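As structure tokens, the structure follows; a few thoughts come after it.
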Amino acid sequence: MTTNDEIYESGEDYLECILRLQNRQGEVKSIDVANAMNYSKPSISRAMKILQEKGFILMDKKKFIHLTDEGLQKAEEVYKRHLLLREALISLLGVSPETAEQDACRIEHIVSQETIDKISAKMEAHLMAEK
């Protein structure tokens, strides 16, 4: 498979989780992803195999997971959308942080780039108005 293959929402969630774990603890293994996402080890193993086949991750001899350049780019894109949406829901709409976190996780996968750009512009204007 080529690295240009699309990944599904669940694949984006795994990449985002790997990125967050790497930022928090450095090295990441499948068990860390399983624990963080509350999924079974066999489910995570299957998902990691698919992400590896698609060129989004590599696993070293010690079974540590490493995002490829494309995997890192995708993970960062999804995470940035997540953070923007969560903050917009909280700041612009007054949604509770807990609900905003859950909703951002769902919305980040389906929202268009046009909508992300508009939300980003609204957030910038909102932040400037607060100064």
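Ordering of the structure tokens sets the chain letters (A, B, ...); residue numbers start at 1 within each chain; ligands are numbered from 1 in the order shown.
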
Identify all residues of stretch 12-88 of chain A in alpha helix (DSSP H) (DSSP on the backbone) and supply them as a PyMOL selection string. chain A and resi 12-25+30-37+41-53+69-88

Using only C-alpha atoms, which residues sit within 7 Å of A:Val28 once same-chain residues fewer than 4 positions away are excluded, as a PyMOL selection string? chain A and resi 18+21-22+32+64-65

Long-range neighbours of stretch 77-89 of chain A as a PyMOL selection string, 6 Å cut-off, only C-alpha atoms, 2 positions minimum in chain: chain A and resi 16+74-75+91-93+95+100-101+104+108

Write out the residues from the selection above, keeping N, CA, C and O atoms, as a compact mmCIF listing (two decimals), in the first residue's frame.
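As written to disk, part-v6.txt reads:
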# COMPACT_ATOMS: atom_id res chain seq x y z
N GLU A 16 -3.51 10.41 16.51
CA GLU A 16 -3.58 11.51 17.48
C GLU A 16 -3.17 11.02 18.86
O GLU A 16 -2.43 11.69 19.58
N LYS A 74 -0.25 13.95 9.64
CA LYS A 74 -1.67 13.64 9.81
C LYS A 74 -2.08 13.79 11.27
O LYS A 74 -3.12 14.36 11.58
N ALA A 75 -1.26 13.28 12.18
CA ALA A 75 -1.57 13.36 13.62
C ALA A 75 -1.64 14.81 14.06
O ALA A 75 -2.56 15.20 14.80
N SER A 91 -14.94 28.69 24.30
CA SER A 91 -14.84 30.16 24.30
C SER A 91 -16.00 30.86 23.60
O SER A 91 -16.48 31.88 24.09
N LEU A 92 -16.39 30.34 22.46
CA LEU A 92 -17.43 31.02 21.68
C LEU A 92 -18.84 30.61 22.06
O LEU A 92 -19.76 31.42 21.97
N LEU A 93 -18.99 29.35 22.49
CA LEU A 93 -20.34 28.85 22.76
C LEU A 93 -20.62 28.57 24.23
O LEU A 93 -21.76 28.29 24.59
N VAL A 95 -19.65 25.97 25.96
CA VAL A 95 -19.82 24.54 26.23
C VAL A 95 -18.85 24.14 27.35
O VAL A 95 -17.74 24.67 27.43
N ALA A 100 -17.06 19.74 25.46
CA ALA A 100 -16.28 20.26 24.34
C ALA A 100 -15.22 19.25 23.90
O ALA A 100 -14.99 19.05 22.71
N GLU A 101 -14.57 18.61 24.87
CA GLU A 101 -13.55 17.59 24.57
C GLU A 101 -14.16 16.43 23.78
O GLU A 101 -13.63 16.00 22.77
N ALA A 104 -15.38 17.68 20.26
CA ALA A 104 -14.25 17.96 19.37
C ALA A 104 -13.70 16.66 18.80
O ALA A 104 -13.33 16.61 17.62
N GLU A 108 -13.84 16.66 14.72
CA GLU A 108 -12.55 16.87 14.05
C GLU A 108 -12.36 16.04 12.79
O GLU A 108 -11.60 16.40 11.91

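Going from atom CA of A:Gly71 to atom CA of A:Asp117 covers 22.2 Å.
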
Within stretch 38-79 of chain A, find each residue whose DSSP state, derived from the backbone, is strand (DSSP E), and express the selection as a ChimeraX atom specification. /A:57-59,64-67

Using atom CA of A:Lys49 and atom CA of A:Ser30 as the two end points, give the distance in Å to one decimal.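 Taking atom CA of A:Lys49 as the start and atom CA of A:Ser30 as the end point, the length is 10.5 Å.
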
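With only C-alpha atoms as the basis for measurement, A:Cys17 is the residue among A:Cys105, A:Cys17, A:Ala125, A:Leu67 that approaches A:Ala34 most closely.
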